[in-house]
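S.K.: Contents of query.txt (compact mmCIF, C-alpha atoms and all ligand atoms):
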```txt
# COMPACT_ATOMS: atom_id res chain seq x y z
CA ALA A 1 -29.56 0.34 19.44
CA GLY A 2 -28.75 1.82 15.98
CA ALA A 3 -26.20 4.26 17.44
CA ASP A 4 -24.83 1.57 19.76
CA SER A 5 -24.29 -0.96 17.02
CA GLN A 6 -22.67 1.74 14.87
CA ALA A 7 -20.25 2.66 17.66
CA ASN A 8 -19.61 -1.04 18.07
CA ALA A 9 -18.84 -1.51 14.35
CA PHE A 10 -16.35 1.35 14.70
CA THR A 11 -14.57 -0.28 17.62
CA THR A 12 -14.46 -3.60 15.79
CA ARG A 13 -13.12 -2.07 12.59
CA LEU A 14 -10.46 -0.06 14.38
CA ALA A 15 -9.29 -3.19 16.19
CA PHE A 16 -8.77 -4.83 12.78
CA LEU A 17 -6.97 -1.76 11.38
CA THR A 18 -4.69 -1.62 14.43
CA GLU A 19 -3.87 -5.33 14.09
CA ALA A 20 -3.12 -4.75 10.40
CA ASP A 21 -0.31 -2.36 11.40
CA GLN A 22 1.81 -5.46 12.09
CA LEU A 23 2.07 -6.25 8.37
CA LYS A 24 4.71 -3.46 8.32
CA SER A 25 6.92 -5.73 10.43
CA VAL A 26 6.62 -8.90 8.30
CA LEU A 27 9.84 -9.10 6.27
CA ARG A 28 10.14 -10.66 2.83
CA ALA A 29 13.16 -12.36 1.25
CA SER A 30 13.60 -9.49 -1.25
CA ARG A 31 15.34 -6.17 -0.66
CA LEU A 32 14.45 -2.62 -1.61
CA MET A 33 15.90 -1.64 -4.98
CA ALA A 34 18.35 0.61 -3.10
CA GLY A 35 19.40 -2.68 -1.48
CA ASP A 36 19.77 -1.37 2.06
CA ARG A 37 17.16 -3.49 3.83
CA PHE A 38 14.55 -6.22 3.33
CA GLU A 39 11.14 -5.22 2.04
CA ASN A 40 8.12 -5.59 4.32
CA SER A 41 4.78 -6.98 3.20
CA ALA A 42 2.83 -3.74 3.72
CA GLU A 43 5.02 -1.60 1.46
CA HIS A 44 5.20 -4.55 -0.98
CA SER A 45 1.38 -4.59 -1.12
CA TRP A 46 1.35 -0.87 -1.88
CA HIS A 47 3.92 -1.31 -4.63
CA ILE A 48 2.19 -4.17 -6.43
CA MET A 49 -1.11 -2.26 -6.37
CA LEU A 50 0.75 0.45 -8.24
CA TYR A 51 2.13 -2.20 -10.65
CA ALA A 52 -1.37 -3.56 -11.28
CA TRP A 53 -2.76 -0.11 -12.02
CA VAL A 54 0.13 1.12 -14.17
CA LEU A 55 0.31 -2.17 -16.12
CA ALA A 56 -3.48 -2.54 -16.46
CA GLU A 57 -3.24 -2.53 -20.28
CA ASN A 58 -1.62 -5.96 -19.91
CA ALA A 59 -4.65 -7.39 -18.13
CA PRO A 60 -6.78 -9.74 -20.26
CA PRO A 61 -10.13 -8.32 -21.42
CA GLY A 62 -12.81 -8.26 -18.73
CA VAL A 63 -10.47 -7.86 -15.75
CA SER A 64 -11.68 -5.29 -13.22
CA VAL A 65 -8.64 -3.38 -12.03
CA ASP A 66 -10.64 -2.08 -9.05
CA ARG A 67 -11.25 -5.64 -7.82
CA VAL A 68 -7.61 -6.51 -8.47
CA LEU A 69 -6.56 -3.56 -6.30
CA GLN A 70 -8.87 -4.75 -3.50
CA MET A 71 -7.39 -8.26 -3.68
CA LEU A 72 -3.83 -6.98 -3.57
CA LEU A 73 -4.67 -4.63 -0.69
CA LEU A 74 -5.68 -7.57 1.49
CA HIS A 75 -3.75 -10.50 -0.04
CA ASP A 76 -0.86 -10.53 2.44
CA ILE A 77 -2.73 -9.70 5.68
CA VAL A 78 -2.72 -13.39 6.69
CA GLU A 79 1.08 -13.13 6.95
CA ILE A 80 0.62 -11.27 10.24
CA ASP A 81 -0.06 -14.68 11.80
CA ALA A 82 1.32 -17.07 9.17
CA GLY A 83 4.54 -15.29 8.12
CA ASP A 84 5.89 -14.75 4.61
CA ASN A 85 6.42 -17.82 2.49
CA PRO A 86 9.54 -17.18 0.36
CA ILE A 87 9.09 -18.52 -3.16
CA HIS A 88 12.63 -19.93 -3.26
CA GLY A 89 12.61 -21.40 0.27
CA GLN A 90 11.74 -24.95 1.36
CA VAL A 91 8.19 -24.92 2.69
CA ASP A 92 5.65 -27.51 3.83
CA HIS A 93 2.85 -26.23 1.61
CA ALA A 94 -0.01 -28.01 3.39
CA ALA A 95 1.10 -26.75 6.80
CA GLN A 96 1.55 -23.21 5.44
CA ALA A 97 -1.94 -23.28 3.84
CA ALA A 98 -3.48 -24.42 7.15
CA LYS A 99 -1.71 -21.59 9.00
CA GLU A 100 -3.01 -19.09 6.46
CA GLN A 101 -6.59 -20.37 6.75
CA ALA A 102 -6.44 -19.98 10.53
CA ALA A 103 -4.93 -16.51 10.11
CA ALA A 104 -7.73 -15.43 7.75
CA LYS A 105 -10.31 -16.69 10.21
CA ARG A 106 -8.82 -14.81 13.15
CA LEU A 107 -7.89 -11.58 11.37
CA PHE A 108 -10.89 -11.08 9.05
CA GLY A 109 -13.01 -12.34 11.96
CA LEU A 110 -12.19 -9.10 13.78
CA LEU A 111 -14.44 -7.28 11.29
CA PRO A 112 -18.24 -7.02 11.37
CA ASP A 113 -19.85 -10.07 9.69
CA THR A 114 -20.65 -8.60 6.26
CA GLN A 115 -17.16 -7.22 5.87
CA CYS A 116 -15.58 -10.40 7.20
CA ASN A 117 -17.43 -12.34 4.49
CA THR A 118 -16.40 -9.93 1.74
CA PHE A 119 -12.73 -10.06 2.74
CA THR A 120 -12.67 -13.82 3.23
CA THR A 121 -14.36 -14.51 -0.11
CA LEU A 122 -12.05 -12.16 -1.97
CA TRP A 123 -8.97 -13.67 -0.31
CA HIS A 124 -10.09 -17.21 -1.20
CA GLU A 125 -10.70 -16.14 -4.81
CA PHE A 126 -7.16 -14.73 -4.92
CA GLU A 127 -5.57 -17.78 -3.28
CA ALA A 128 -7.36 -20.20 -5.58
CA ALA A 129 -6.60 -18.04 -8.67
CA ASP A 130 -10.27 -18.58 -9.31
CA SER A 131 -11.11 -15.81 -11.81
CA PRO A 132 -9.39 -13.59 -14.40
CA ASP A 133 -9.18 -10.85 -11.70
CA ALA A 134 -7.42 -13.21 -9.27
CA ARG A 135 -5.09 -14.55 -11.96
CA PHE A 136 -4.07 -11.04 -13.00
CA ALA A 137 -3.49 -10.11 -9.33
CA LYS A 138 -1.29 -13.18 -8.88
CA ALA A 139 0.60 -12.47 -12.11
CA VAL A 140 1.45 -8.98 -10.86
CA ASP A 141 2.44 -10.34 -7.44
CA ARG A 142 4.87 -12.76 -9.13
CA PHE A 143 6.12 -10.17 -11.60
CA GLN A 144 7.42 -7.52 -9.20
CA THR A 145 10.30 -9.43 -7.57
CA PRO A 146 11.89 -10.57 -10.86
CA VAL A 147 11.72 -6.97 -12.12
CA ALA A 148 13.38 -5.70 -8.93
CA ASN A 149 16.02 -8.46 -9.14
CA LEU A 150 16.77 -7.57 -12.78
CA GLU A 151 17.23 -3.93 -11.69
CA THR A 152 19.62 -4.86 -8.89
CA GLY A 153 21.90 -7.40 -10.56
CA GLY A 154 20.14 -10.51 -9.23
CA GLY A 155 18.86 -9.59 -5.74
CA SER A 156 17.29 -12.56 -3.96
CA TRP A 157 18.29 -14.95 -6.81
CA VAL A 158 21.89 -14.57 -5.63
CA ASP A 159 20.98 -15.21 -1.94
CA TYR A 160 18.98 -18.33 -2.88
CA LYS A 161 21.33 -19.50 -5.73
CA VAL A 162 18.41 -19.68 -8.16
CA THR A 163 18.98 -20.96 -11.72
CA TYR A 164 17.03 -19.87 -14.78
CA ALA A 165 15.27 -23.25 -14.97
CA GLN A 166 14.14 -23.03 -11.32
CA LEU A 167 12.96 -19.47 -11.73
CA GLU A 168 11.00 -20.22 -14.88
CA ALA A 169 9.29 -23.19 -13.17
CA ARG A 170 8.31 -20.98 -10.21
CA VAL A 171 7.11 -17.82 -11.92
CA GLN A 172 6.12 -18.65 -15.50
CA PRO A 173 2.86 -20.52 -14.77
CA ALA A 174 1.30 -17.77 -12.60
CA ILE A 175 2.49 -14.86 -14.74
CA ALA A 176 1.56 -16.42 -18.09
CA ALA A 177 -1.85 -17.57 -16.79
CA GLY A 178 -2.79 -14.11 -15.52
CA SER A 179 -1.14 -11.90 -18.09
CA PRO A 180 0.49 -13.35 -21.22
CA GLY A 181 1.72 -9.84 -22.09
CA LEU A 182 3.73 -9.56 -18.87
CA TRP A 183 5.35 -12.95 -19.46
CA ASP A 184 6.18 -12.13 -23.11
CA TRP A 185 8.03 -9.05 -21.93
CA LEU A 186 9.71 -10.68 -18.94
CA GLN A 187 10.91 -13.98 -20.46
CA PRO A 188 13.62 -12.57 -22.79
CA GLN A 189 14.88 -10.22 -20.04
CA LEU A 190 15.26 -13.15 -17.66
CA ALA A 191 16.91 -15.34 -20.29
CA ALA A 192 19.44 -12.59 -21.10
CA HIS A 193 20.22 -11.95 -17.43
CA PHE A 194 20.80 -15.61 -16.55
CA GLN A 195 22.77 -16.22 -19.74
CA SER A 196 25.24 -13.52 -18.77
CA VAL A 197 25.42 -14.68 -15.12
CA GLU A 198 25.86 -18.34 -16.05
CA ALA A 199 28.54 -17.39 -18.62
CA VAL A 200 30.55 -15.75 -15.78
CA HIS A 201 30.25 -18.83 -13.53
CA HIS A 202 31.38 -21.39 -16.13
CA ALA B 203 5.54 0.33 -34.96
CA GLY B 204 2.69 -1.12 -32.82
CA ALA B 205 5.00 -3.67 -31.18
CA ASP B 206 7.77 -1.08 -30.81
CA SER B 207 5.58 1.48 -29.10
CA GLN B 208 4.17 -1.24 -26.82
CA ALA B 209 7.70 -2.32 -25.80
CA ASN B 210 8.45 1.35 -25.27
CA ALA B 211 5.40 1.88 -23.03
CA PHE B 212 6.62 -1.09 -20.98
CA THR B 213 10.08 0.38 -20.51
CA THR B 214 8.59 3.75 -19.57
CA ARG B 215 6.15 2.25 -17.08
CA LEU B 216 8.79 0.09 -15.43
CA ALA B 217 11.05 3.13 -15.04
CA PHE B 218 8.21 4.81 -13.11
CA LEU B 219 7.56 1.72 -10.98
CA THR B 220 11.26 1.42 -10.17
CA GLU B 221 11.44 5.09 -9.19
CA ALA B 222 8.36 4.58 -6.98
CA ASP B 223 10.34 2.07 -4.90
CA GLN B 224 11.98 5.05 -3.19
CA LEU B 225 8.72 5.93 -1.39
CA LYS B 226 9.65 3.05 0.96
CA SER B 227 12.57 5.17 2.16
CA VAL B 228 10.63 8.40 2.85
CA LEU B 229 10.11 8.53 6.61
CA ARG B 230 7.15 10.16 8.35
CA ALA B 231 7.03 11.77 11.80
CA SER B 232 4.82 8.96 13.16
CA ARG B 233 5.94 5.56 14.41
CA LEU B 234 4.57 2.06 13.92
CA MET B 235 2.07 1.11 16.59
CA ALA B 236 4.71 -1.27 18.01
CA GLY B 237 6.74 1.94 18.37
CA ASP B 238 10.06 0.53 17.20
CA ARG B 239 10.68 2.70 14.14
CA PHE B 240 9.26 5.55 12.05
CA GLU B 241 6.64 4.71 9.45
CA ASN B 242 7.50 5.15 5.77
CA SER B 243 5.16 6.70 3.22
CA ALA B 244 4.69 3.51 1.15
CA GLU B 245 3.45 1.36 4.03
CA HIS B 246 1.42 4.36 5.28
CA SER B 247 -0.26 4.55 1.86
CA TRP B 248 -1.11 0.84 2.07
CA HIS B 249 -2.56 1.26 5.55
CA ILE B 250 -4.79 4.23 4.76
CA MET B 251 -6.17 2.45 1.71
CA LEU B 252 -7.22 -0.29 4.10
CA TYR B 253 -8.73 2.36 6.40
CA ALA B 254 -10.67 3.87 3.50
CA TRP B 255 -12.07 0.52 2.46
CA VAL B 256 -12.90 -0.78 5.94
CA LEU B 257 -14.46 2.55 6.98
CA ALA B 258 -16.32 3.07 3.69
CA GLU B 259 -19.70 3.16 5.46
CA ASN B 260 -18.56 6.50 6.87
CA ALA B 261 -18.13 8.00 3.41
CA PRO B 262 -20.84 10.48 2.40
CA PRO B 263 -23.32 9.21 -0.22
CA GLY B 264 -21.97 9.19 -3.77
CA VAL B 265 -18.32 8.62 -2.85
CA SER B 266 -16.60 6.03 -5.06
CA VAL B 267 -14.33 3.98 -2.82
CA ASP B 268 -12.49 2.69 -5.91
CA ARG B 269 -11.49 6.24 -6.89
CA VAL B 270 -10.56 6.98 -3.27
CA LEU B 271 -8.23 3.95 -3.29
CA GLN B 272 -6.61 5.17 -6.52
CA MET B 273 -6.05 8.62 -4.99
CA LEU B 274 -4.54 7.19 -1.84
CA LEU B 275 -2.36 4.80 -3.85
CA LEU B 276 -0.66 7.73 -5.59
CA HIS B 277 -1.16 10.62 -3.12
CA ASP B 278 2.30 10.48 -1.51
CA ILE B 279 4.44 9.64 -4.56
CA VAL B 280 5.50 13.30 -4.88
CA GLU B 281 7.27 12.88 -1.53
CA ILE B 282 10.03 10.96 -3.36
CA ASP B 283 11.32 14.34 -4.52
CA ALA B 284 9.59 16.74 -2.13
CA GLY B 285 9.86 14.87 1.20
CA ASP B 286 7.18 14.37 3.83
CA ASN B 287 5.62 17.47 5.28
CA PRO B 288 4.94 16.75 8.97
CA ILE B 289 1.62 18.21 10.05
CA HIS B 290 3.02 19.51 13.36
CA GLY B 291 6.28 20.89 11.91
CA GLN B 292 7.07 24.44 10.76
CA VAL B 293 6.81 24.52 6.97
CA ASP B 294 6.91 27.18 4.26
CA HIS B 295 3.69 26.05 2.58
CA ALA B 296 4.21 27.91 -0.72
CA ALA B 297 7.73 26.48 -1.12
CA GLN B 298 6.50 22.98 -0.26
CA ALA B 299 3.64 23.23 -2.77
CA ALA B 300 6.06 24.34 -5.50
CA LYS B 301 8.36 21.40 -4.73
CA GLU B 302 5.40 18.99 -4.93
CA GLN B 303 4.26 20.42 -8.27
CA ALA B 304 7.75 19.92 -9.69
CA ALA B 305 7.84 16.40 -8.24
CA ALA B 306 4.50 15.49 -9.84
CA LYS B 307 5.73 16.81 -13.17
CA ARG B 308 8.95 14.80 -13.06
CA LEU B 309 7.57 11.55 -11.57
CA PHE B 310 4.21 11.25 -13.36
CA GLY B 311 6.05 12.53 -16.45
CA LEU B 312 7.91 9.20 -16.53
CA LEU B 313 4.63 7.53 -17.61
CA PRO B 314 3.14 7.43 -21.12
CA ASP B 315 1.09 10.59 -21.82
CA THR B 316 -2.43 9.26 -21.17
CA GLN B 317 -1.43 7.73 -17.85
CA CYS B 318 0.59 10.81 -16.89
CA ASN B 319 -2.56 12.90 -17.41
CA THR B 320 -4.75 10.51 -15.41
CA PHE B 321 -2.33 10.45 -12.47
CA THR B 322 -1.70 14.21 -12.52
CA THR B 323 -5.41 15.05 -12.67
CA LEU B 324 -6.26 12.66 -9.85
CA TRP B 325 -3.42 14.00 -7.69
CA HIS B 326 -4.56 17.59 -8.25
CA GLU B 327 -8.13 16.65 -7.35
CA PHE B 328 -6.82 15.11 -4.11
CA GLU B 329 -4.55 18.02 -3.26
CA ALA B 330 -7.29 20.57 -3.88
CA ALA B 331 -9.89 18.47 -1.99
CA ASP B 332 -11.94 19.20 -5.06
CA SER B 333 -14.67 16.51 -4.86
CA PRO B 334 -16.42 14.27 -2.28
CA ASP B 335 -13.97 11.47 -3.25
CA ALA B 336 -10.94 13.69 -2.61
CA ARG B 337 -12.39 15.01 0.65
CA PHE B 338 -13.06 11.50 1.94
CA ALA B 339 -9.52 10.45 0.92
CA LYS B 340 -8.08 13.43 2.81
CA ALA B 341 -10.27 12.72 5.85
CA VAL B 342 -8.93 9.16 6.03
CA ASP B 343 -5.34 10.40 5.55
CA ARG B 344 -5.79 12.77 8.52
CA PHE B 345 -7.65 10.20 10.62
CA GLN B 346 -5.03 7.44 10.75
CA THR B 347 -2.28 9.20 12.74
CA PRO B 348 -4.59 10.35 15.58
CA VAL B 349 -5.95 6.80 15.86
CA ALA B 350 -2.40 5.40 16.03
CA ASN B 351 -1.41 8.06 18.58
CA LEU B 352 -4.45 7.23 20.74
CA GLU B 353 -3.41 3.55 20.63
CA THR B 354 0.17 4.31 21.68
CA GLY B 355 -0.31 6.80 24.51
CA GLY B 356 0.29 9.96 22.46
CA GLY B 357 2.90 9.01 19.80
CA SER B 358 4.00 12.00 17.71
CA TRP B 359 1.89 14.40 19.86
CA VAL B 360 4.43 13.86 22.64
CA ASP B 361 7.45 14.44 20.32
CA TYR B 362 5.89 17.66 18.98
CA LYS B 363 4.31 18.81 22.30
CA VAL B 364 0.90 19.15 20.65
CA THR B 365 -2.07 20.52 22.65
CA TYR B 366 -5.70 19.56 22.08
CA ALA B 367 -6.45 23.02 20.65
CA GLN B 368 -3.61 22.75 18.11
CA LEU B 369 -4.60 19.24 17.12
CA GLU B 370 -8.24 20.15 16.64
CA ALA B 371 -7.26 23.13 14.47
CA ARG B 372 -5.05 20.87 12.31
CA VAL B 373 -7.24 17.82 11.83
CA GLN B 374 -10.88 18.78 12.41
CA PRO B 375 -11.44 20.75 9.17
CA ALA B 376 -10.22 18.00 6.81
CA ILE B 377 -11.81 15.12 8.70
CA ALA B 378 -15.18 16.80 9.26
CA ALA B 379 -15.33 18.04 5.64
CA GLY B 380 -14.71 14.60 4.18
CA SER B 381 -16.46 12.38 6.69
CA PRO B 382 -18.58 13.85 9.50
CA GLY B 383 -19.01 10.32 10.90
CA LEU B 384 -15.26 9.87 11.40
CA TRP B 385 -15.01 13.21 13.20
CA ASP B 386 -18.03 12.47 15.43
CA TRP B 387 -16.31 9.29 16.57
CA LEU B 388 -12.83 10.77 16.91
CA GLN B 389 -13.59 14.05 18.70
CA PRO B 390 -14.68 12.62 22.08
CA GLN B 391 -11.74 10.15 22.06
CA LEU B 392 -9.29 13.00 21.49
CA ALA B 393 -10.94 15.18 24.11
CA ALA B 394 -10.76 12.39 26.71
CA HIS B 395 -7.11 11.61 25.89
CA PHE B 396 -5.93 15.23 26.15
CA GLN B 397 -8.02 15.85 29.26
CA SER B 398 -6.24 13.03 31.05
CA VAL B 399 -2.79 14.10 29.75
CA GLU B 400 -3.32 17.76 30.62
CA ALA B 401 -4.62 16.80 34.09
CA VAL B 402 -1.28 15.03 34.74
CA HIS B 403 0.78 18.06 33.62
CA HIS B 404 -1.05 20.70 35.73
CA CA C 501 -0.11 11.51 3.54
```
Render the structure in this file as structure tokens.
M.R.:
Amino acid sequence: AGADSQANAFTTRLAFLTEADQLKSVLRASRLMAGDRFENSAEHSWHIMLYAWVLAENAPPGVSVDRVLQMLLLHDIVEIDAGDNPIHGQVDHAAQAAKEQAAAKRLFGLLPDTQCNTFTTLWHEFEAADSPDARFAKAVDRFQTPVANLETGGGSWVDYKVTYAQLEARVQPAIAAGSPGLWDWLQPQLAAHFQSVEAVHH
Amino acid sequence: AGADSQANAFTTRLAFLTEADQLKSVLRASRLMAGDRFENSAEHSWHIMLYAWVLAENAPPGVSVDRVLQMLLLHDIVEIDAGDNPIHGQVDHAAQAAKEQAAAKRLFGLLPDTQCNTFTTLWHEFEAADSPDARFAKAVDRFQTPVANLETGGGSWVDYKVTYAQLEARVQPAIAAGSPGLWDWLQPQLAAHFQSVEAVHH
């Protein structure tokens, strides 16, 4: 029975890992910095894990970067069923949250029970921004797109006609709550960028 | 000077993170499981981190999954300059290794000194398979493509006309050294797949 249940755990886990492959086909609203195509949620997850690690000095005291990396590794998997929710789009938030809950249940439910519980708990902690680890993870998740847009002359802000006031309302709370240092660096860069763009348009 | 050098570390780190975006454009020889395009090295890195975490029970005692995730997060970054090295292709290994060393020097060299040292040391440990952590990371890296190929009726084995004997020679040593449990599961699956394919061809 020991060998059987081990073989069974293998089959279960591989079914989850195979399903996870589909995250590479979920497209986001933002483009690669080279600009040639939209970014997918799998490569985005890789990139923000790298952000979290490289920028770890900006995490508040007590944050465990290892737990942050785990959260970011799994944070977008629900999008396989629920799709990406563009920050500048119009979304029914309650409907989207219900879709994501159902997605977590189905997808993490492919794993053996203990692992399903670990993943589900960690994902809820992230979603609810329920700890310094989760808040830092969310800050990094919100931080990457503005940085990429600054590097590429506006990126998705141009597509969605975003103003500075809208952007600040959408990204400041999460970034400043999880990492004041990241916000202190980002805010003047954003202000300068939008000032020059808005000067051109008026 | 404290504030200046902090702003400077920020600029340096963001230059590295921006450069890292290019890993999303390095294509591998393997396709997505849906088969519609080649996989890139950034989304591959995300996926094998998930493999490492989900399959952690198959790591030998003493392996730190957190360190394994760090290794896998950075293990392919050198490909931005050096390109992907397909396991079934013909490669000048010494020339490839020299290119990767130069790539590590340039890319990790974009980071502040302490972080450059951490990344370089961890990458060398991975490359040299110099610890149980590195060997488990390498085992997982070698394990993912065969699993994807099994799921998709052969995948890159068909493109490269790979035989069972060639495949075993190329993947068994790294997988069995880093995780005997993964090899014990994989070997009979591979044998059965190639037996049925070779029966059709003879
Ligand atoms: Ca690799």
S.K.: Please check which protein, DNA or RNA residues sit within 9 Å of ligand CA 501 (chain C), counting only C-alpha atoms and all ligand atoms, and write them as JSON, numbers by chain.
M.R.: {"B": [230, 243, 246, 247, 250, 274, 277, 278, 286, 287, 340, 343, 344]}
S.K.: Find the spatial neighbours of Ile279 of chain B, counting only C-alpha atoms, within a cut-off of 9 Å - ignore same-chain residues fewer than 6 positions away - and output them as a list in words.
M.R.: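 What passes the distance filter is Ala222, Gln224, Leu225, Ser243, Ala244, Ala305, Ala306, Leu309 and Phe310 of chain B.
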S.K.: Keeping only C-alpha atoms, write the selected residues as a PDB file, in the coordinates of the input.
M.R.:
```pdb
ATOM      1  CA  ALA B 222       8.360   4.580  -6.980  1.00  0.00           C
ATOM      2  CA  GLN B 224      11.980   5.050  -3.190  1.00  0.00           C
ATOM      3  CA  LEU B 225       8.720   5.930  -1.390  1.00  0.00           C
ATOM      4  CA  SER B 243       5.160   6.700   3.220  1.00  0.00           C
ATOM      5  CA  ALA B 244       4.690   3.510   1.150  1.00  0.00           C
ATOM      6  CA  ALA B 305       7.840  16.400  -8.240  1.00  0.00           C
ATOM      7  CA  ALA B 306       4.500  15.490  -9.840  1.00  0.00           C
ATOM      8  CA  LEU B 309       7.570  11.550 -11.570  1.00  0.00           C
ATOM      9  CA  PHE B 310       4.210  11.250 -13.360  1.00  0.00           C
TER      10      PHE B 310
END
```
S.K.: Report, in Å to a single decimal, how far apart atom CA of Leu252 of chain B and atom CA of Ala15 of chain A are.
M.R.: 12.6 Å
S.K.: Mind listing as a ChimeraX atom specification which residues of chain A are within 9 Å of chain B, counting all atoms listed in the file?
M.R.: /A:7,10,13-14,16-18,20-25,32-34,39-47,49-51,53-55,66-67,69-70,73-74,111,115,147-148,151,185
S.K.: What is the Cα root-mean-square deviation, to one decimal place in Å, for chain B superposed on chain A with all Cα atoms matched in order?
M.R.: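 Between chain A and chain B, the C-alpha RMSD is 0.0 Å.
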S.K.: Give the answer as one residue: which of B:Leu392, B:Ile282, B:Thr214, B:Gly357 has the shortest atom-to-atom distance to Asp315 of chain B, using all atoms listed in the file?
M.R.: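 That would be B:Thr214, the residue with the smallest distance to Asp315 of chain B.
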S.K.: Between atom CA of Leu167 of chain A and atom CA of Pro146 of chain A, what is the distance, to one decimal in Å?
M.R.: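 Atom CA of Pro146 of chain A lies at a distance of 9.0 Å from atom CA of Leu167 of chain A.
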